[in-house]
Amino acid sequence: MTWVIHILNGIAFGMLLFLLAAGLSLIYGLMKILNLTHGSFYLVGGYIGLTVMQRTGSFVLALVVAVAAVALVGAAIERFFLRRFHLDELPQTLLTFGFLFIFADLSLWIWGGNPLMLNMPEIFQHSMPMGYYAYPVYRLFLIAIGLVVAGGLWWFQEHTRIGTMLRAGVDDAEIARALGINVSLLFTLIFAVGAGLAALAGVLAGPVLSLYPGADFEVLIFAFVVVIVGGLGSLRGALAGALLIGILDDFGKAFFPEFALFTVFVPMAVILVIRPTGLFGRR
Amino acid sequence: MTTKKMALITIVTASFAAMIVAAPRPAWAADPIKIGILLPLSGNFAENGQQTLTGLKMYFDEVGNKAGDRPLTLIVEDTQGKPDVAVTKARKLVQGDGVAVLTGVVTSGEAIAVNAFSRDNKVPLVLSGDAGADELTMPGPLANPYLVRTSQNGRSVASAAADWAYHKGWRKVATVGSDYAGGVDVNFAFAQAFCKLGGKVIQAEWPPIGTADFGPYLTNLDRTADAVVTFEPGADGLRLARQYSEFGLKGKLPVMDIYGGLVFESNLPQLGDATLGFYSSLFYTPMLKTPENERFVAEFQKRMNQLPANEGPNGYVGAHAVVDAIKAVNGDLSDTMKFIAALKAVKFDSPKGEISLDKYGQVIQTMYIREVQMVNGQPANVPIASYPHVDQFWPYTEAEFESFKYTYKDSKNSLTDCARLLAKK
């Protein structure tokens, strides 16, 4: 029975990692920007969700408001700042690094430094008995929502016009532009979607991982590990990488506790040696 | 104006100026004494810094920023929680601003760095922040004659937890301890004291700092234990508290939370009834019904709009000690060792209980065992037992403490081995 719980647990954690990494991967795939503000989008999204939840008591509203607000912020950052260094990746990455600090200080100022925990909706507030053990229902919900988002993103990429444009842009931005695809608009849109996904992860993780100064940096590292393992720019890679890391992390901590500090990094190092481009990455 | 007159004025002015510079300055009563406060006010420890600062300021305000008839000037510097920044700011305070005393300091890393600065520059350092590394106030390489600590240390809180756990009837416990020097220190102190009484740690889990998901640790917990003993500060504590009840362990395995990281005052309202019945040990709880504490809590809530946890009272007590010591030497801080002796001699009632210091400058105070109970519909850390006058070597004498063969540094992987923990040199 403990095995079942460990696996479920790894998958649930993996799904959180997927939500977190998907946006980062999308943005890198299209724009070649390593978005260091990604963790801040997660944290600010979580905090906004927390405030909405406290004011209205609605988890759904918290999700919607947080995702919309952070997506807007993301779009604004792309439009008014990153755009100025079009296709100049190093200044763009540095710019996102600066935003990381600005958001960190802003959130410390607004939400304070004590760790805060989002309340989960009433229906998820119990655990499912499993023999001698018990498993929290909320984590099963996380697994479900992760699958829904993964399916949604796949459909978006494969079966919508914007998805087609996105794939064209990833493959060859210049040719895509020559074919009349408005790559600039696409950039803003994808940056907003990526930011929104991070915010979604923030709100969903809030009841499990809690929100606090420094969480932005911690989750950023997790997200990087996942996209490196999965392959930068690939959604499929982000999903595979996230599940792999989630499960390995759980088993590592459970069965090799003395390596708990780097259960996440050992698989990354191994993958980098065997497949430098990641599981599903292309050159 | 004639040249002669000019020359005269020049000479008079110059000699007057020379007099001011050369003459030994008497400690005029009106001269303010400058106190340098080193606290992290930005970064991850900003909240700890802010709460300590509030406590410090509360006491200084209470005495009208005066010690006897000497006015006090506070100069606050932000250390960002980084040892190197803390030392730079300490140097600025001492050599630039001319402060007579340094106080504050939240992390042990900063404390060890500033401790060295204090020793090298012979500047009194009153640790009034969290910094709890045991060795700072023990004979050994870190010993510093210019240091006193009025806040806390790691092992006393853990020893009280062990004593209470044993007398509660628990004989075998599992520990979940944050995997860093401070965490090992605290868990070692617990295991050693528990072994000495006749108990045993049957499983020791060490989640790293920043563990997002305690799922694997909770699933692996040995269900045959009488109780789980935890030490998880910060966000880790909040997460573990929530996940503990999520994994259905609440009510099955009782919890003794050393330092109250799970049941931290700002966590409680967020956790609802998830921690109801959790035991914890600390040198303070806002629920203490003493006049000193009730007055303190009311004022703290007015200033911070939240209940104090450990930092606020620590800052307040630190300021109290500094003011009392300045009064004891009549505001004359020129003899540093005399001032340090006055600091070590302070004794007063505080929100934490009775405060005094030992010969090494470490605080002797009361340890409380608390239980989370509903008070007026809100979960709160209600005191259920107390250990007065706990010194840093308790439950051993200093000689007995020094006779143990192993310290926490060589014991992380042997918490379950009582024979080793109790081995003598």
# chains A, B, ... in the order shown; residues from 1 in each chain; ligands from 1
call {"tool": "closest_atom_pairs", "arguments": {"of": "chain A", "to": "chain B", "cutoff": "9 Å", "atoms": "only C-alpha atoms", "output": "CSV"}}
result
residue,atom,partner,partner_atom,distance
A:Thr2,CA,B:Thr219,CA,6.7
A:Ile5,CA,B:Thr219,CA,7.4
A:His6,CA,B:Pro216,CA,6.4
A:Asn9,CA,B:Gly215,CA,6.6
A:Gly10,CA,B:Pro216,CA,8.7
A:Phe13,CA,B:Asp213,CA,7.6
A:Ala104,CA,B:Gly43,CA,8.4
A:Asp105,CA,B:Ser42,CA,7.9
A:Leu108,CA,B:Ser42,CA,8.2
A:Gly112,CA,B:Glu47,CA,6.9
A:Gly113,CA,B:Glu47,CA,4.6
A:Asn114,CA,B:Glu47,CA,6.2
A:Pro115,CA,B:Ala235,CA,5.3
A:Leu116,CA,B:Gln270,CA,7.4
A:Met117,CA,B:Gln270,CA,6.4
A:Leu118,CA,B:Gln270,CA,7.9
A:Asn119,CA,B:Gln270,CA,7.5
A:Gln125,CA,B:Glu246,CA,7.8
A:His126,CA,B:Glu246,CA,6.7
A:Ser127,CA,B:Glu246,CA,6.0
A:Met128,CA,B:Gly248,CA,8.5
A:Pro129,CA,B:Gly248,CA,7.9
A:Tyr133,CA,B:Gly248,CA,7.1
A:Ala134,CA,B:Phe247,CA,5.3
A:Tyr135,CA,B:Phe247,CA,5.4
A:Pro136,CA,B:Glu246,CA,5.2
A:Val137,CA,B:Glu246,CA,8.4
A:Tyr138,CA,B:Glu246,CA,8.8
A:Pro207,CA,B:Arg242,CA,8.4
A:Val208,CA,B:Arg239,CA,6.6
A:Leu209,CA,B:Ala212,CA,5.7
A:Ser210,CA,B:Arg239,CA,6.5
A:Leu211,CA,B:Ala235,CA,7.8
A:Tyr212,CA,B:Ala235,CA,6.9
A:Pro213,CA,B:Asn44,CA,5.4
A:Gly214,CA,B:Asn44,CA,6.0
A:Ala215,CA,B:Gly210,CA,8.8
A:Glu218,CA,B:Gly210,CA,8.0
A:Asp249,CA,B:Pro216,CA,8.9
A:Asp250,CA,B:Pro216,CA,5.6
A:Phe251,CA,B:Pro216,CA,7.3
A:Gly252,CA,B:Pro216,CA,8.8
A:Lys253,CA,B:Pro216,CA,6.3
A:Ala254,CA,B:Pro216,CA,5.2
A:Phe255,CA,B:Pro216,CA,8.9
A:Pro257,CA,B:Trp206,CA,7.3
A:Glu258,CA,B:Trp206,CA,8.0
A:Ala260,CA,B:Pro208,CA,6.6
A:Leu261,CA,B:Pro208,CA,5.9
call {"tool": "residues_around", "arguments": {"residues": "A:Leu24", "least_positions_apart": "6", "cutoff": "12 Å", "atoms": "only C-alpha atoms", "output": "VMD selection string"}}
result
chain A and resid 17 to 18 30 to 42 190 to 199 201 219 to 228 230 to 235 237 to 238
call {"tool": "select_by_dssp", "arguments": {"residues": "stretch 61-292 of chain B", "states": "helix (DSSP H, G or I)", "output": "PyMOL selection string"}}
result
chain B and resi 61-62+83-96+108-121+134-137+154-167+181-197+215-220+234-246+268-271+291-292
call {"tool": "residues_around", "arguments": {"residues": "B:Asp84", "least_positions_apart": "5", "cutoff": "10 Å", "atoms": "only C-alpha atoms", "output": "list in words"}}
result
Thr79, Lys89, Ala90, Gly109, Glu110, Ala113 and Val114 of chain B
call {"tool": "write_last_selection", "arguments": {"atoms": "all heavy atoms", "output": "compact mmCIF listing (two decimals), in the first residue's frame"}}
result
# COMPACT_ATOMS: atom_id res chain seq x y z
N THR B 79 20.41 43.86 7.38
CA THR B 79 21.47 42.90 7.07
C THR B 79 21.10 41.96 5.93
O THR B 79 21.91 41.15 5.51
CB THR B 79 21.78 42.01 8.28
OG1 THR B 79 20.60 41.26 8.58
CG2 THR B 79 22.16 42.84 9.49
N LYS B 89 27.68 46.06 7.79
CA LYS B 89 26.80 47.01 8.50
C LYS B 89 27.28 47.20 9.94
O LYS B 89 27.20 48.31 10.48
CB LYS B 89 25.35 46.52 8.47
CG LYS B 89 24.73 46.48 7.07
CD LYS B 89 24.56 47.87 6.51
CE LYS B 89 24.09 47.90 5.07
NZ LYS B 89 22.69 47.54 4.89
N ALA B 90 27.80 46.15 10.55
CA ALA B 90 28.32 46.28 11.92
C ALA B 90 29.50 47.25 11.93
O ALA B 90 29.60 48.12 12.78
CB ALA B 90 28.74 44.91 12.45
N GLY B 109 24.09 32.23 11.12
CA GLY B 109 25.19 32.57 10.23
C GLY B 109 25.65 34.00 10.45
O GLY B 109 26.85 34.30 10.57
N GLU B 110 24.68 34.91 10.53
CA GLU B 110 25.01 36.31 10.78
C GLU B 110 25.63 36.46 12.16
O GLU B 110 26.59 37.21 12.35
CB GLU B 110 23.73 37.17 10.75
CG GLU B 110 23.10 37.33 9.40
CD GLU B 110 21.76 38.03 9.52
OE1 GLU B 110 20.81 37.44 10.04
OE2 GLU B 110 21.68 39.19 9.12
N ALA B 113 29.25 35.51 12.29
CA ALA B 113 30.07 36.52 11.62
C ALA B 113 30.21 37.78 12.47
O ALA B 113 31.32 38.30 12.66
CB ALA B 113 29.47 36.86 10.25
N VAL B 114 29.10 38.29 12.99
CA VAL B 114 29.14 39.52 13.78
C VAL B 114 29.86 39.27 15.11
O VAL B 114 30.52 40.16 15.66
CB VAL B 114 27.72 40.09 14.00
CG1 VAL B 114 27.76 41.33 14.88
CG2 VAL B 114 27.07 40.42 12.67
